[in-house]
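One structure is given below, encoded as structure tokens.
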Amino acid sequence: MNAQDFAFIENALNADADIKENLRDEVHELEKHLRHMSGTLNRIHSTPRSEIPALLATVEPGFTQCRESNATIAALIPPNAYWRWKDIWARHLQTAVYVASLIEYLSTGQLLSLDEASTRLGFQAEWKDRYYIAAEDYLQGVISMVNELSRLAVNSVTMGNFEEPLKISAFVKELFSAFSLLNLKNDGLRRKFDSLKYDIKKLEEIVYDISLRQLVKRDAGDDK
Amino acid sequence: MNILTAFETFRDELDDQQEKRERLIKTSREVTATAKKIIFLLHRLVSAENADSQGLHANAIKPAKKKLGELNTLFAKMAPELKGEEFWRHWRSVSPGLQEYIEALSFAHYLEFGTLASYHDVQAALTDADGVPYFNIPLSDYLLGISDLTGELMRYAIVAISRADGTLQARQVLDFVRGTYADLEKFSPHVRELPRKQDVTSASLQKIEDAVYAVVVRGAEYRGQRDDIADEIVRRYVAGLDSALSRGSRGPRDAGADDDDGDD
């Protein structure tokens with residue numbers, strides 16, 4: 001290899017390595033904020049329904065930090081390079097969607113849409129050639145939220161809240177039929193989707209246990 | 001937006017990407033298969049004809065160069081689906097064919113010029129009629145393709161050395177592969193699959209070293225007086241290397257490849 005070609009390749013590889021390193025550092029910051037938020041969210045399993053809004057309010061400032069991190073990350077990514085370095089942040093964006101959609105469900109009982117999630121996390125339309133939430137990561141995050149809700153159903157019962165599991169069950173069933181529209185191939189999303197089936201089963205058992213013992217009015221599940 | 005409507009959009013998007021991925025993989029496989037055939041063709045062309053005084057084969061490889069040019073049709077077919085951010089989204093589907101192409105192109109380049117095809121040479125080959133690149137070649141694919149070239153050169157050197165005039169070529173290949181190995185070693189930390197391929201190159205390098213050693217040592221006592229005996233000794237030694245090569249180290253990926261390209 002002549003000296004000129006060698007230097008060209010060396011410089012280009014070093015430049016890429018620098019970008020990658022900076023991205024890793026910034027994504028690590030994002031991860032810290034997200035861990036803080038999801039750590040606090042863990043308390044939903046031991047917090048009475050009436051105190052949930054107060055708990056969610058303590059998590060809210062985390063979004064400001066996430067938005068700042070995301071802006072820094074977006075500035076580091078060269079145009080059209082989203083898929084090149086996606087592995088660095090994909091997992092964390094899934095967590096971000098999980099956190100945001102769990103908060104949305106606990107606040108409004110609704111599914112957070114992809115657009116809403118993007119806004120909540122500070123994604124700008126002009127980053128669309130470098131940094132955004134890809135559909136598959138959004139879907140992964142939503143399934144993580146369902147995984148958490150099936151846990152919440154169990155723990156709600158423990159705390160004496162027999163209405164919550166019925167609401168969760170209805171919500172998750174609607175989501176399940178939405179996911180069934182997708183033609184999933186044998187990949188990560190497929191495996192994650194399979195976990196949804198276990199959640200459905202678990203929720204059905206909880207609903208059965210509650211109904212059997214007449215712990216809740218028969219029609220409570222419908223007025224969600 | 002209603003949940004079901006949103007998920008229908010996701011379904012369409014995921015389906016589109018999946019179909020695109022399948023199309024690209026199919027075309028990339030065609031590239032791989034054709035590039036492999038071109039490599040075999042190059043081996044046949046140069047073994048049928050003596051090299052020129054510089055140990056080069058510029059004339060002999062013309063048919064293979066033509067076929068390499070024809071591969072551009074396949075790249076032109078993929079290019080529209082790899083615009084903008086789509087290139088990196090589907091890079092993993094395209095990369096195997098691209099590397100095999102670079103291996104074939106750089107092999108032809110070596111046989112013609114005795115030098116390494118530079119990154120810019122390769123990029124210049126992958127452009128349309130107006131000189132617009134089909135896409136920017138990732139450095140990692142260039143380096144991995146070059147790394148595979150060393151294996152082809154090892155085969156080329158072993159075959160060449162069994163001929164009376166082949167020692168020059170074998171020694172040139174030896175220097176070239178040694179230099180390439182050293183250059184690639186410095187890039188190894190940056191390219192994930194490169195360290196493993198460097199082990200293969202190192203093994204190829206040793207095979208060429210052993211063959212050149214054999215020519216020097218075994219032929220020495222007769223060389224100059226009875227060249228026919230010297231040639232025969234070398235030929236027998238190398239025939240052993242060659243058959244060990246085709247049985248052992250080619251590996252399953254080349255199995256059967258000799259059968260289906262007989263009509264080139």
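We label chains A, B, ... in the order they appear in the structure tokens, count residues from 1 in each chain, and number ligands from 1 in the order shown.
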
Please list as a list in words every residue within 8 Å of Ala96 (chain A), counting only C-alpha atoms and excluding residues in the same chain fewer than 3 positions away.
Leu34, His92, Leu93, Val99, Ala100, Leu121 and Gly141 of chain A

If you run DSSP on this backbone, which residues of region 24-168 of chain A come out as alpha helix (DSSP H), and could you give them as a VMD selection string?
chain A and resid 24 to 41 52 to 59 61 to 76 86 to 108 114 to 120 135 to 158 164 to 168

Counting only C-alpha atoms, collect the residues of chain B whose closest atom lies at most 9 Å from chain A, and write them out as an NGL selection string.
:B and (1 or 3-8 or 10-15 or 18 or 84-91 or 115-120 or 139-140 or 179-180 or 183 or 186-187 or 190-191)

Need to verify the contact set: Leu153 (chain B), 12 Å, only C-alpha atoms, exclusion of same-chain residues closer than 5 positions in sequence. Can you return it as a PDB file with N, CA and C atoms, in the first residue's frame?
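Output below, filename out-v6.pdb:
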ATOM      1  N   ILE B  39     -12.749 -15.025 -10.160  1.00  0.00           N
ATOM      2  CA  ILE B  39     -11.482 -15.382  -9.505  1.00  0.00           C
ATOM      3  C   ILE B  39     -10.951 -16.708 -10.059  1.00  0.00           C
ATOM      4  N   PHE B  40     -11.838 -17.688 -10.211  1.00  0.00           N
ATOM      5  CA  PHE B  40     -11.406 -18.973 -10.799  1.00  0.00           C
ATOM      6  C   PHE B  40     -10.928 -18.778 -12.233  1.00  0.00           C
ATOM      7  N   LEU B  42      -9.626 -16.109 -13.488  1.00  0.00           N
ATOM      8  CA  LEU B  42      -8.297 -15.469 -13.445  1.00  0.00           C
ATOM      9  C   LEU B  42      -7.207 -16.510 -13.204  1.00  0.00           C
ATOM     10  N   HIS B  43      -7.458 -17.410 -12.257  1.00  0.00           N
ATOM     11  CA  HIS B  43      -6.480 -18.468 -11.978  1.00  0.00           C
ATOM     12  C   HIS B  43      -6.221 -19.292 -13.233  1.00  0.00           C
ATOM     13  N   VAL B  46      -4.225 -17.241 -16.060  1.00  0.00           N
ATOM     14  CA  VAL B  46      -2.797 -16.994 -15.843  1.00  0.00           C
ATOM     15  C   VAL B  46      -1.999 -18.295 -15.777  1.00  0.00           C
ATOM     16  N   GLU B 103     -12.292  -8.445  -3.813  1.00  0.00           N
ATOM     17  CA  GLU B 103     -11.275  -9.492  -3.906  1.00  0.00           C
ATOM     18  C   GLU B 103     -10.962  -9.786  -5.383  1.00  0.00           C
ATOM     19  N   ALA B 104     -11.999  -9.954  -6.196  1.00  0.00           N
ATOM     20  CA  ALA B 104     -11.799 -10.269  -7.622  1.00  0.00           C
ATOM     21  C   ALA B 104     -11.131  -9.108  -8.350  1.00  0.00           C
ATOM     22  N   SER B 106      -9.273  -6.673  -7.127  1.00  0.00           N
ATOM     23  CA  SER B 106      -7.895  -6.423  -6.712  1.00  0.00           C
ATOM     24  C   SER B 106      -6.967  -7.553  -7.187  1.00  0.00           C
ATOM     25  N   PHE B 107      -7.523  -8.749  -7.358  1.00  0.00           N
ATOM     26  CA  PHE B 107      -6.735  -9.862  -7.912  1.00  0.00           C
ATOM     27  C   PHE B 107      -6.376  -9.539  -9.372  1.00  0.00           C
ATOM     28  N   ALA B 108      -7.372  -9.136 -10.137  1.00  0.00           N
ATOM     29  CA  ALA B 108      -7.122  -8.760 -11.530  1.00  0.00           C
ATOM     30  C   ALA B 108      -6.125  -7.601 -11.601  1.00  0.00           C
ATOM     31  N   HIS B 109      -6.307  -6.639 -10.697  1.00  0.00           N
ATOM     32  CA  HIS B 109      -5.417  -5.476 -10.664  1.00  0.00           C
ATOM     33  C   HIS B 109      -3.976  -5.917 -10.393  1.00  0.00           C
ATOM     34  N   TYR B 110      -3.815  -6.822  -9.444  1.00  0.00           N
ATOM     35  CA  TYR B 110      -2.465  -7.297  -9.131  1.00  0.00           C
ATOM     36  C   TYR B 110      -1.846  -7.991 -10.341  1.00  0.00           C
ATOM     37  N   LEU B 111      -2.625  -8.840 -10.987  1.00  0.00           N
ATOM     38  CA  LEU B 111      -2.076  -9.588 -12.124  1.00  0.00           C
ATOM     39  C   LEU B 111      -1.702  -8.657 -13.273  1.00  0.00           C
ATOM     40  N   GLY B 114       0.779  -5.616 -10.810  1.00  0.00           N
ATOM     41  CA  GLY B 114       1.698  -6.026  -9.752  1.00  0.00           C
ATOM     42  C   GLY B 114       1.610  -5.146  -8.513  1.00  0.00           C
ATOM     43  N   THR B 115       0.499  -4.384  -8.398  1.00  0.00           N
ATOM     44  CA  THR B 115       0.344  -3.500  -7.230  1.00  0.00           C
ATOM     45  C   THR B 115      -1.023  -3.712  -6.586  1.00  0.00           C
ATOM     46  N   LEU B 116      -1.195  -3.055  -5.462  1.00  0.00           N
ATOM     47  CA  LEU B 116      -2.472  -3.134  -4.763  1.00  0.00           C
ATOM     48  C   LEU B 116      -3.455  -2.130  -5.351  1.00  0.00           C
ATOM     49  N   ILE B 146      -9.419  -6.894   0.486  1.00  0.00           N
ATOM     50  CA  ILE B 146      -7.974  -6.945   0.255  1.00  0.00           C
ATOM     51  C   ILE B 146      -7.353  -8.101   1.047  1.00  0.00           C
ATOM     52  N   SER B 147      -7.870  -8.290   2.249  1.00  0.00           N
ATOM     53  CA  SER B 147      -7.355  -9.375   3.082  1.00  0.00           C
ATOM     54  C   SER B 147      -7.599 -10.729   2.410  1.00  0.00           C
ATOM     55  N   ASP B 148      -8.774 -10.877   1.797  1.00  0.00           N
ATOM     56  CA  ASP B 148      -9.074 -12.127   1.088  1.00  0.00           C
ATOM     57  C   ASP B 148      -8.198 -12.310  -0.152  1.00  0.00           C
ATOM     58  N   ILE B 158       1.713 -20.539  -5.628  1.00  0.00           N
ATOM     59  CA  ILE B 158       2.046 -21.968  -5.545  1.00  0.00           C
ATOM     60  C   ILE B 158       1.947 -22.616  -6.931  1.00  0.00           C
ATOM     61  N   VAL B 159       0.936 -22.220  -7.689  1.00  0.00           N
ATOM     62  CA  VAL B 159       0.797 -22.771  -9.035  1.00  0.00           C
ATOM     63  C   VAL B 159       1.939 -22.253  -9.925  1.00  0.00           C
ATOM     64  N   ALA B 160       2.246 -20.971  -9.809  1.00  0.00           N
ATOM     65  CA  ALA B 160       3.276 -20.369 -10.658  1.00  0.00           C
ATOM     66  C   ALA B 160       4.644 -20.992 -10.406  1.00  0.00           C
ATOM     67  N   ILE B 161       4.904 -21.286  -9.158  1.00  0.00           N
ATOM     68  CA  ILE B 161       6.241 -21.733  -8.768  1.00  0.00           C
ATOM     69  C   ILE B 161       6.585 -23.103  -9.347  1.00  0.00           C
ATOM     70  N   GLN B 169       7.573 -14.654 -10.041  1.00  0.00           N
ATOM     71  CA  GLN B 169       6.230 -14.296  -9.596  1.00  0.00           C
ATOM     72  C   GLN B 169       6.019 -14.653  -8.122  1.00  0.00           C
ATOM     73  N   ALA B 170       6.496 -15.848  -7.744  1.00  0.00           N
ATOM     74  CA  ALA B 170       6.295 -16.272  -6.362  1.00  0.00           C
ATOM     75  C   ALA B 170       6.997 -15.323  -5.398  1.00  0.00           C
ATOM     76  N   ARG B 171       8.190 -14.903  -5.759  1.00  0.00           N
ATOM     77  CA  ARG B 171       8.924 -13.974  -4.885  1.00  0.00           C
ATOM     78  C   ARG B 171       8.226 -12.620  -4.824  1.00  0.00           C
ATOM     79  N   GLN B 172       7.685 -12.188  -5.961  1.00  0.00           N
ATOM     80  CA  GLN B 172       6.944 -10.913  -5.960  1.00  0.00           C
ATOM     81  C   GLN B 172       5.707 -11.013  -5.067  1.00  0.00           C
ATOM     82  N   VAL B 173       4.998 -12.135  -5.195  1.00  0.00           N
ATOM     83  CA  VAL B 173       3.808 -12.324  -4.372  1.00  0.00           C
ATOM     84  C   VAL B 173       4.195 -12.335  -2.899  1.00  0.00           C
ATOM     85  N   LEU B 174       5.293 -13.009  -2.613  1.00  0.00           N
ATOM     86  CA  LEU B 174       5.748 -13.089  -1.228  1.00  0.00           C
ATOM     87  C   LEU B 174       5.958 -11.689  -0.653  1.00  0.00           C
ATOM     88  N   ASP B 175       6.678 -10.843  -1.378  1.00  0.00           N
ATOM     89  CA  ASP B 175       6.905  -9.472  -0.904  1.00  0.00           C
ATOM     90  C   ASP B 175       5.594  -8.715  -0.747  1.00  0.00           C
ATOM     91  N   PHE B 176       4.737  -8.901  -1.734  1.00  0.00           N
ATOM     92  CA  PHE B 176       3.469  -8.172  -1.739  1.00  0.00           C
ATOM     93  C   PHE B 176       2.597  -8.581  -0.543  1.00  0.00           C
ATOM     94  N   VAL B 177       2.473  -9.888  -0.341  1.00  0.00           N
ATOM     95  CA  VAL B 177       1.605 -10.369   0.743  1.00  0.00           C
ATOM     96  C   VAL B 177       2.188  -9.959   2.101  1.00  0.00           C
ATOM     97  N   ARG B 178       3.502 -10.015   2.213  1.00  0.00           N
ATOM     98  CA  ARG B 178       4.147  -9.577   3.452  1.00  0.00           C
ATOM     99  C   ARG B 178       3.820  -8.112   3.745  1.00  0.00           C
ATOM    100  N   THR B 180       1.322  -6.320   2.536  1.00  0.00           N
ATOM    101  CA  THR B 180      -0.116  -6.152   2.788  1.00  0.00           C
ATOM    102  C   THR B 180      -0.467  -6.574   4.210  1.00  0.00           C
ATOM    103  N   THR B 201      -4.273 -14.790   6.587  1.00  0.00           N
ATOM    104  CA  THR B 201      -3.218 -14.224   5.741  1.00  0.00           C
ATOM    105  C   THR B 201      -1.850 -14.694   6.213  1.00  0.00           C
ATOM    106  N   SER B 204      -1.294 -18.102   4.949  1.00  0.00           N
ATOM    107  CA  SER B 204      -0.990 -18.072   3.506  1.00  0.00           C
ATOM    108  C   SER B 204       0.458 -17.654   3.290  1.00  0.00           C
ATOM    109  N   LEU B 205       0.841 -16.655   4.038  1.00  0.00           N
ATOM    110  CA  LEU B 205       2.187 -16.123   3.916  1.00  0.00           C
ATOM    111  C   LEU B 205       3.214 -17.221   4.185  1.00  0.00           C
ATOM    112  N   LYS B 207       2.834 -20.396   3.838  1.00  0.00           N
ATOM    113  CA  LYS B 207       2.834 -21.382   2.752  1.00  0.00           C
ATOM    114  C   LYS B 207       3.686 -20.893   1.588  1.00  0.00           C
ATOM    115  N   ILE B 208       3.568 -19.602   1.266  1.00  0.00           N
ATOM    116  CA  ILE B 208       4.381 -19.062   0.162  1.00  0.00           C
ATOM    117  C   ILE B 208       5.860 -19.099   0.561  1.00  0.00           C
TER     118      ILE B 208
END

Exercise: Pro80 (chain B) partners within 12 Å, only C-alpha atoms, chain neighbours under 2 positions left out, as a PyMOL selection string:
chain B and resi 20+24+74-78+82-87+128+133-135

State, in Å with one decimal place, the distance from CA of Thr167 (chain B) to CA of Leu105 (chain B).
24.0 Å
